[in-house]
Each structure stands twice: as C-alpha cells, then as structure tokens.
Amino acid sequence: MDPVLNVREKLVDALKDIGVSITVTDITLGLTDNLSFGDYATSVALAYAKEAGVKPRELAEKLVASMGSVEGISKIDIAGPGFINFTLDPRFVYKSLEAGLMQEEQWGSGLSRKGKKMMIEYTDPNPFKEFHIGHLVPNTLGESISRLLMFSGAEVKRANYQGDVGIHVAKSLFIQLEKGITDPTIEDLASAYPEGSRRYDEDPEAKKAIDELNKKIYDKSDEKINALYAKGRALSLAHFEELYKVLGTTFDYYFFESETGPIGVKEVRAHPDVFEESEGAVVFKGEKYGLHTRVFINKLGLPTYEAKELGLARMKAEKYQFDLTLTITANEQAEYFKVVMKAMELSLPDLRGKLAFKTNGLLRFADGKMSSRLGNIITGEELIGDLKEKAMERASKSRATDAQKLAGEVAVGAIKYQILKQGFGKDIIFDRERALSLEGDSGPYLQYAHARTSAIVEKARGTGIVVKFDTASGASELVRRLYRFNEIVMRATDELEPHLVATYLINLAAAFNSWYANEQILDGTLGASHKVAITDITRQTLKNGLWLLGIPAPEKM
RNA sequence: GCUCCCAUAGUUCAACGGAUAGAACGCAAGCUUCCGAAGCUUGUAAUGUAGGUUCGAUUCCUACUGGGAGCACCA
C-alpha cells in the first residue's frame, strides 16, 4: 500500500537481479528538492553503477525496466546523470489528504514510538535569579521536541530541573536581609540577585558575609533565613509558572538541586571503582576515555553540579520508568556533559543507554546588547512584552475579539519561530527590528496563513458547500507539498530537529499564499468544493504543524 | 597550551554526499471595483583559503585564516 516502501523493495529486488546485493536501508530515496523532478528521487543508479559495471544511466534504465509499475506512482523517469524520479499518482495523493481531513488533529502523527516512555528535561531556570531570554531557547526547543515525540506515539513527561541552592541564593538573600525585606515581591527578587552579585565581586566584606550566609542556608540553622528562603523560592517558582503558561508549557516533574545533591553523593561514594580521591576531592578521571577530569565531590565533602547530575538521573528513574531521558542544555555545557555521561554510564549500569543530552545555542541580539556580563540582562517577560506592544498595533485593528490575547500569541509566535527556524545548537541572532516587523519569514506569517485559511473554510462552510477533493484532477505544487507533511514530521522526529517542520511550514504557507493569489476559491463552480478541500487541509496542516512547534495558532487575526 | 563547535547573498537562516545552492529582510519596480495586503509578482546578490577522497563535495578528511565555547573543587 505504501508506495514509498514499495519503491524501495522493488529497487532492492531489481538491483539483486544485476548482481548488486543491498538491503532496503541502503536505498536513499528522498523527497525531491525541486518538485519539477517528481515527488521522490533516488540516486542508487549513480551509487551502484561502478559495482554493477555499467554506466549510471544504463543501470537506471535496467532498474526502471525491471521494477515495472508501482502502486501509487504514476510516472517513473530517468533524469540527469542517472537519477530515477518518481511522481506520485494524484489519486493516491488525494486519498492521503482525504484521510488527513478525517484525522484532523492527528493528521501527520504516527505510531513509530508507541509504548516508549520518554522524559524531556528543559528550561532549567534558577529560583532567585531572573528568567532571562536565554531560557527561552531550551524552553522553546524542548517543548517542540516533546510534542514531536508525543506525535509519534511516545508517552512523554516534561521535566524541569532547578537550582534552588547555591551561591546565587545567598547573593539574593544578602541584599534582602540588608534591606530588611521580610515579604519579598517579584520586583525585590529581580533586583536583589544582580545587586548581590555585583557586591560579591566588588566588596570583599560583602563577599565574606555572603559566603557565610550560604552556609547558613545549607544547614538551615537560622529560622529567619529559612523563612525568607522559603518565601523567595515559592515566589520565584510561581513567577516561572506564569511564564510557562504564556509560553505553552506544562511540566510533569520538577527536580531541585537541593534534593539531587545528597543522592548524588551517595551514588558517587558507592562507586569507588569509577571515582577516585584526588587532592582531597572525589573526581572522575575522564582521560582514559579521551575526556578530562571533573570534580564530583569537593574537598569540603559537598556535591558539585556533576554529582548532582547523578542524583538527578537516579531521581528521574525513580519517578518514571523511562526508556530515554533527554536533557536539553546549553552548548557551553557540552564538554562537561560528555564527562558526566561517561561517568554515569559506568556507575549507573541500569540506566546505560537511557540517558542522552542535546545542546542548544545562545540567544544574542543583533545589535550587540543583552549579554549578562555587561549587566543588562533582558528577561523573557520583557522581550515578550516589547513584542506584544508592537503586535498590538495590528492586533487592535484585527478581527480578533480579544486583541490583547492575540498580541500575546503573535509575540510568542514571533520569538519561538526565530528560535525554531534554525538547526539545533546554533546560536540565535535575534534581530529585534526584524522580529518586530512581523512579516516575511516569521511566526506571524505562519499564523496569518492559518488564520486566513480558517476564515476561508469557515465562510465556505457557511454557504453549505461540500468539502471534497476532486481526485481526478491534477496535483498542484501546493497539493504535493501538503502530502509531504507526514514525511517531514517523521524526519524531524527521528533527527530531533524541529526546524525541519518550521522550514516546511514556511514553504507550505508561501505555496498556499501564492496559489490563493491566483485562484478564486468560492467561484460558484463545481471546482469550488475541491478548492475548499485544499484550503481546509492546508489549514489543518498549518494548525498541526504550529502545534508541533508550540506556536499558538489563532483563528482570527 | 590542549579539546570541542561554527564559517553560505549586504544581513538572518535553509539545502538525507547528488540535478539550476532555496527563502526572508534590505534595495529597485509593480499588484487591491472580487474569498483576509501580517499578502502576491519581478529584479538584485553567496558556499572563507589551499589541498585530498568520490562518478559527483556547501556537506566527508587535512592544513590554514577568522569567530565562539570548554579545560579541578561555580552552575
């Protein structure tokens, strides 16, 4: 039934006839870049010509001849130096799109990971510190990856790991105590950490006091400090929740460094075969694995971030029997994570092969501002607020009933798209001006195309028109692109690359807009049903695709 | 010093080792008596340098140049 698999198998059989033995997985059969070549293309004839002892084109001809006809494929031709191009039978394409309309929200989904349990850890902000724009990157990517995996049938749990202990807490509390704050507001917290951090660096007296305060926070010896700590922590976490709501993320599990530390220490101490004493600390010597040495327990007997990571893995496994836990973390942690992963592989054998990480890039501004080192940290809220304000200019004149809500959705869509449109791990150069323009290669462009298709379909439904594909008609570029949705989603999931979906959607929206500009959809003819069906499946594809990206898809804007 | 990552139009991004390297912004010129102009159409312009592997290299390997990150008790 699946023509793609069918083509692969036939090619394998045909190659065997001429003495080249390969398996289905050796066949590279991909979507064509240029639709004028067909829908799928393979270069097997080029790749195996030498082995078969014939010229590429000749081999291609032999392959095509021995393949015969393939169900779902209407045309097979040989092009260029020996590519074999396959064009889908429009009837097959329409059948697929028809099914898509029936599937609605499930269009594009699959079952390849059915039964798999996965835990995705991302965002990881620290209480007492601001949620800065850098956190938007792993949050956006992690959310999209979670959705992609869910869409392929996996059971996905979202996890957030937060640093609720450490010197940053002491820096914040130091300032709060100095100001005599007993009931901190979110504004107090926002200013306390940066101020404490500055004092720590500039004022030796303050540094000493903060270090002592840090110990008191650890051993919980002072009631007043304990109370202030508890309030600040709760306030921070509640504030993060408000942002998650705006961003469209809901976490299933929260882990804290205050909990992972002790467990980590226990794990490290239990594996003297993996970890060793060195200069009073307990370290893992990564050199024998081509890595470097890292300290897991410092000479004071306290767990470092490394040991905590072991504790975290253990805690995750206790909460949820995952097949895989994926941590989304920053590029700068890549080397550190390699070492910790190796250490965990050796010390936590039951979790071997179930722990993975992926690193994301930094968000920077094109105009060079931001940079926490210069002190001007821009928070996630501020950025969203700025964009929302800009989006209001249009939203207030839009068809949306709630302009504020729409502006927020557009702002989030604009930011997320900038992050998602490029490959994982690359730094994101955020151009304020461009993002604010809300035009072109952007989130709002996708949202607009979705709103537009929604409006057309709604209007058509109002006329009582039958939404139905004319399966006897030819397949336009737009229709053929729509068919590709499943394939794109599968690849994006396998590679954990949301940008493949983002790029696809932009091309799809452009194809639709272009088609729309040249077509009268509700033209009163019999063809109108067909055109409405195309619009409707475009709407559904954009909607599902935007959902996969975690970008809101308003129906009116 | 050692290790890792990156380098594509003026700018920001695409391109399973394949065909004519795609978009967007910018700039230039157009499109609205008609379903949504946050839109459409046309033009402009790029693979850092030198080698190598391959039928074929933006993609893989080596060197160089230019950026970024990491490298013992921070996270």
# chains A, B, ... in the order shown; residues from 1 in each chain; ligands from 1
call {"tool": "closest_atom_pairs", "arguments": {"of": "chain B", "to": "chain A", "cutoff": "12 Å", "atoms": "only C-alpha atoms (C1' of nucleotides)", "output": "Markdown table"}}
result
| residue | atom | partner | partner_atom | distance |
| --- | --- | --- | --- | --- |
| B:C2 | C1' | A:His292 | CA | 10.6 |
| B:U3 | C1' | A:Leu291 | CA | 8.6 |
| B:C4 | C1' | A:Glu335 | CA | 7.1 |
| B:C5 | C1' | A:Asn331 | CA | 8.3 |
| B:C6 | C1' | A:Lys426 | CA | 8.2 |
| B:U11 | C1' | A:Ala366 | CA | 9.6 |
| B:U12 | C1' | A:Ile429 | CA | 7.3 |
| B:C13 | C1' | A:Gln422 | CA | 6.3 |
| B:A14 | C1' | A:Thr503 | CA | 7.3 |
| B:A15 | C1' | A:Asp33 | CA | 8.2 |
| B:C16 | C1' | A:Gly30 | CA | 6.9 |
| B:G17 | C1' | A:Ala47 | CA | 10.2 |
| B:G18 | C1' | A:Ser43 | CA | 7.2 |
| B:A19 | C1' | A:Gly80 | CA | 6.1 |
| B:U20 | C1' | A:Asn34 | CA | 9.8 |
| B:A21 | C1' | A:Asp33 | CA | 10.9 |
| B:G22 | C1' | A:Asp33 | CA | 8.8 |
| B:A23 | C1' | A:Asp441 | CA | 7.6 |
| B:A24 | C1' | A:Asp441 | CA | 4.8 |
| B:C25 | C1' | A:Arg434 | CA | 7.0 |
| B:G26 | C1' | A:Arg434 | CA | 10.7 |
| B:C31 | C1' | A:Ala517 | CA | 10.2 |
| B:U32 | C1' | A:Ala517 | CA | 11.2 |
| B:C34 | C1' | A:Gln520 | CA | 8.5 |
| B:C35 | C1' | A:Leu522 | CA | 6.2 |
| B:G36 | C1' | A:Arg452 | CA | 5.7 |
| B:A37 | C1' | A:Ala517 | CA | 10.6 |
| B:A38 | C1' | A:Glu439 | CA | 5.9 |
| B:G39 | C1' | A:Asn513 | CA | 7.0 |
| B:C40 | C1' | A:Ala517 | CA | 5.9 |
| B:U41 | C1' | A:Ser514 | CA | 9.3 |
| B:U54 | C1' | A:Ala47 | CA | 10.3 |
| B:C55 | C1' | A:Leu46 | CA | 7.2 |
| B:G56 | C1' | A:Leu46 | CA | 8.9 |
| B:G68 | C1' | A:Asp427 | CA | 9.4 |
| B:A69 | C1' | A:Glu332 | CA | 5.4 |
| B:G70 | C1' | A:Glu335 | CA | 6.3 |
| B:C71 | C1' | A:His292 | CA | 7.4 |
| B:A72 | C1' | A:Val295 | CA | 5.9 |
| B:C73 | C1' | A:Asn298 | CA | 4.6 |
| B:C74 | C1' | A:Ile167 | CA | 8.4 |
| B:A75 | C1' | A:Tyr305 | CA | 6.4 |
call {"tool": "select_by_dssp", "arguments": {"residues": "stretch 394-516 of chain A", "states": "alpha helix (DSSP H)", "output": "VMD selection string"}}
result
chain A and resid 394 to 395 403 to 420 432 to 437 443 to 462 477 to 483 485 to 495 499 to 516
call {"tool": "closest_atom_pairs", "arguments": {"of": "stretch 40-115 of chain A", "to": "stretch 475-489 of chain A", "cutoff": "7 Å", "atoms": "only C-alpha atoms", "output": "CSV"}}
result
residue,atom,partner,partner_atom,distance
A:Pro90,CA,A:Ala475,CA,5.3
A:Val93,CA,A:Tyr483,CA,6.3
A:Ser96,CA,A:Tyr483,CA,6.9
A:Leu97,CA,A:Tyr483,CA,6.5
A:Gly108,CA,A:Asn486,CA,4.5
call {"tool": "select_by_dssp", "arguments": {"residues": "stretch 147-286 of chain A", "states": "strand (DSSP E or B)", "output": "mmCIF file with C-alpha atoms, in the first residue's frame"}}
result
data_model
loop_
_atom_site.group_PDB
_atom_site.id
_atom_site.type_symbol
_atom_site.label_atom_id
_atom_site.label_comp_id
_atom_site.auth_asym_id
_atom_site.auth_seq_id
_atom_site.Cartn_x
_atom_site.Cartn_y
_atom_site.Cartn_z
ATOM 1 C CA GLU A 155 4.499 8.756 26.248
ATOM 2 C CA VAL A 156 6.293 11.993 27.118
ATOM 3 C CA LYS A 157 6.901 13.525 30.518
ATOM 4 C CA ARG A 158 8.319 17.020 30.764
ATOM 5 C CA ALA A 159 10.811 17.739 33.498
ATOM 6 C CA ASN A 160 12.351 20.920 34.828
ATOM 7 C CA TYR A 161 15.490 20.907 36.952
ATOM 8 C CA GLN A 162 16.070 23.989 39.036
ATOM 9 C CA TYR A 253 8.047 16.824 37.161
ATOM 10 C CA TYR A 254 10.175 19.362 38.961
ATOM 11 C CA PHE A 255 13.545 18.431 40.328
ATOM 12 C CA PHE A 256 15.685 20.584 42.580
ATOM 13 C CA GLU A 276 38.753 8.304 42.915
ATOM 14 C CA GLU A 277 40.203 10.591 45.548
ATOM 15 C CA SER A 278 42.441 13.343 44.286
ATOM 16 C CA ALA A 281 38.243 15.799 46.296
ATOM 17 C CA VAL A 282 36.438 12.907 44.630
ATOM 18 C CA VAL A 283 36.912 13.037 40.904
ATOM 19 C CA PHE A 284 36.225 11.112 37.744
#
call {"tool": "residues_around", "arguments": {"residues": "A:Asp183", "least_positions_apart": "4", "cutoff": "12 Å", "atoms": "only C-alpha atoms (C1' of nucleotides)", "output": "MDAnalysis selection string"}}
result
chainID A and resid 173 176:177 179 187:189 224:225 227:235
call {"tool": "atom_distance", "arguments": {"atom1": "atom CA of A:Lys215", "atom2": "atom CA of A:Ala238"}}
result
25.6 Å
call {"tool": "closest_residue", "arguments": {"among": "B:G66, B:G43, B:G51, B:G1", "to": "B:A29", "atoms": "only C-alpha atoms (C1' of nucleotides)"}}
result
B:G43
call {"tool": "atom_distance", "arguments": {"atom1": "atom CA of A:His450", "atom2": "atom CA of A:Glu495"}}
result
26.1 Å
call {"tool": "atom_distance", "arguments": {"atom1": "atom CA of A:Lys285", "atom2": "atom CA of A:Ser258"}}
result
25.6 Å
